[in-house]
Amino acid sequence: MTSPTHLTAPPVPEENDQMANRVMRKVAMRLIPFLGLAYFLNYIDRTNISFAKLTMSEDLGLTETMYGLASGLFFVGYILLEVPSNLALHKFGARRWIARILVSWGAIAALMAFVPNATWLNISRVMLGVAEAGFFPGIMLYLMFWFPRSVRVRLVGVFMVALPLSSALGSPISAAIIQYWHGLFGLEGWRVMFLVEGIPTVVLGLVAWFYLTDRPRHAKWLTVEERTWLDRKMESEHSQTAVTGHVSARSSLRNPMVWLLGLTYFGIGYGLFAISFFLPTIVAGFAKQFDTTFSIAQNGLIVAIPFLLASIAMILWSRRSDRHQERMWHVIAPAVLATVSVPVAMYMNSPFLTMVVISLTAIGIFSALPIFWYLPTTFLTGAGAAAGIALVNTIGASAGLLAPYVTGWLLDATGSSKAGLWVVGAFMAMAVGLLLVLRTRLVQAGEKQLTV
């Protein structure tokens with residue numbers, strides 16, 4: 001049922017461009033850098049195991065399959081608690097819940113420095129996923145409270161640039177810590193990396209408790225006039241969505257459109273997680289493939305290149321989508337680029353050409369993501385949005401359980417990354433097909449906001 005608040009929201013006064021620009025600028029400057037930093041640390045703590053693996057595997061006796069399993073086990077707890085966590089955020093407020101997530105996952109990420117064997121590594125990865133569950137869909141829900149549709153894709157793109165930047169900057173940082181800080185505190189380099197990179201997340205979580213604001217009406221850092229304008233603007237949008245959308249948690253979980261979005265995100269996510277967890281291994285494999293050897297620090301710098309280029313492309317592509325007010329083809333086109341470039345990368349005859357093509361894959365994957373996350377907000381609101389967005393992310397996150405394990409198993413079985421990349425291409429192709437189905441359904445449903 002639609003809440004009375006949504007039904008009786010006062011009409012939004014005539015748009016005032018000066019007021020809108022001023023409020024959006026204030027809100028963006030207040031929230032986006034902080035949330036972006038949190039997402040930056042989030043992805044580093046989730047994927048820095050890919051660099052730890054370069055020396056950790058020998059210390060803990062891990063095969064490629066065992067490493068893939070440890071990487072993917074993160075998503076077990078993450079998947080199980082994603083929807084409940086997002087509903088808790090909706091109930092208790094973003095400030096408290098995001099702070100709780102940051103502190104708990106940062107503490108577990110730091111404690112991974114002390115795992116004695118593969119069993120405890122697996123347990124710690126499961127617990128890390130439990131602690132982090134709900135963070136990303138929670139942020140997507142939180143941004144719905146603050147940013148109108150007309151600017152949301154562009155600002156979500158700015159926020160989500162933290163995802164490729166975490167790899168572009170985190171890769172050389174993680175590699176340098178492993179290589180140059182080996183022996184600090186009497187620990188191996190990979191253990192130092194886990195410890196040093198987990199502590200800042202705990203600190204940021206404590207800051208979040210005091211810094212974040214749940215809703216526009218509570219924002220003392222806006223004037224009364226600004227708060228009133230933004231609160232009415234967002235209530236109006238949510239009410240319009242609630243008239244035709246599935247607004248209850250139960251109905252959103254049964255909505256076929258939500259499941260189609262989830263399966264699409266699974267295909268895109270499979271490519272994202274395979275590259276994130278195995279690109280350092282692929283670069284290390286150049287030694288055998290092209291008789292070229294790189295140090296751990298050099299590996300980190302090379303891995304950073306595709307993600308740095310993807311960061312730039314993500315911002316530019318999101319702005320283009322907002323400028324043209326078009327969504328579906330701005331998801332489909334980069335997904336096609338990623339799908340086509342994945343198999344091509346396997347047949348390049350030099351490290352340089354291989355990284356050029358992998359960079360195109362990264363550009364395609366990351367450019368599609370912020371615009372993709374606009375789609376659920378066009379027909380979900382309230383608790384339905386909390387449950388629906390979490391379900392989409394849960395289905396997509398299950399690719400994180402499958403992709404590292406399958407890629408690692410295929411590496412062990414074939415001794416080459418080619419088979420694993422073929423699987424990536426297949427799942428990306430599936431995502432493109434589902435996006436075309438989604439476009440047809442959204443046109444039939446008359447979702448004008450998508451400008452399909």
# chains A, B, ... in the order shown; residues from 1 in each chain; ligands from 1

$ residues_around --residues "Val331 (chain A)" --least-positions-apart "5" --cutoff "8 Å" --atoms "only C-alpha atoms" --output "PDB file with C-alpha atoms, in the first residue's frame"
ATOM      1  CA  SER A 367      30.214   2.885 -18.141  1.00  0.00           C
ATOM      2  CA  ALA A 368      27.084   0.719 -18.031  1.00  0.00           C
ATOM      3  CA  LEU A 369      26.851   0.503 -14.237  1.00  0.00           C
ATOM      4  CA  ILE A 371      23.007   4.188 -15.756  1.00  0.00           C
ATOM      5  CA  PHE A 372      21.885   0.635 -15.044  1.00  0.00           C
ATOM      6  CA  LEU A 435      18.745  -5.538 -21.722  1.00  0.00           C
TER       7      LEU A 435
END

$ residues_around --residues "Val76 (chain A)" --least-positions-apart "6" --cutoff "9 Å" --atoms "only C-alpha atoms" --output "PyMOL selection string"
chain A and resi 125-127+129-130+398+401

$ closest_residue --among "A:Leu143, A:Leu353, A:Leu121, A:Ile305" --to "Phe159 (chain A)" --atoms "only C-alpha atoms"
A:Leu143

$ closest_residue --among "A:Leu410, A:Met428, A:Ala397, A:Met234" --to "Val340 (chain A)" --atoms "only C-alpha atoms"
A:Met428

$ residues_around --residues "Leu35 (chain A)" --least-positions-apart "4" --cutoff "8 Å" --atoms "only C-alpha atoms" --output "mmCIF file with N, CA, C and O atoms, in the first residue's frame"
data_model
loop_
_atom_site.group_PDB
_atom_site.id
_atom_site.type_symbol
_atom_site.label_atom_id
_atom_site.label_comp_id
_atom_site.auth_asym_id
_atom_site.auth_seq_id
_atom_site.Cartn_x
_atom_site.Cartn_y
_atom_site.Cartn_z
ATOM 1 N N LEU A 31 27.458 15.162 0.167
ATOM 2 C CA LEU A 31 27.285 13.709 0.237
ATOM 3 C C LEU A 31 28.191 12.908 -0.701
ATOM 4 O O LEU A 31 28.723 11.863 -0.302
ATOM 5 N N TYR A 39 32.798 4.108 -0.701
ATOM 6 C CA TYR A 39 32.748 3.084 -1.743
ATOM 7 C C TYR A 39 34.148 2.728 -2.217
ATOM 8 O O TYR A 39 34.436 1.564 -2.534
ATOM 9 N N ILE A 139 23.279 2.583 -0.374
ATOM 10 C CA ILE A 139 23.685 3.883 -0.911
ATOM 11 C C ILE A 139 22.791 4.268 -2.081
ATOM 12 O O ILE A 139 22.387 5.437 -2.225
ATOM 13 N N PHE A 159 29.580 9.340 -8.069
ATOM 14 C CA PHE A 159 29.766 8.485 -6.896
ATOM 15 C C PHE A 159 30.417 7.161 -7.268
ATOM 16 O O PHE A 159 31.384 6.713 -6.644
#
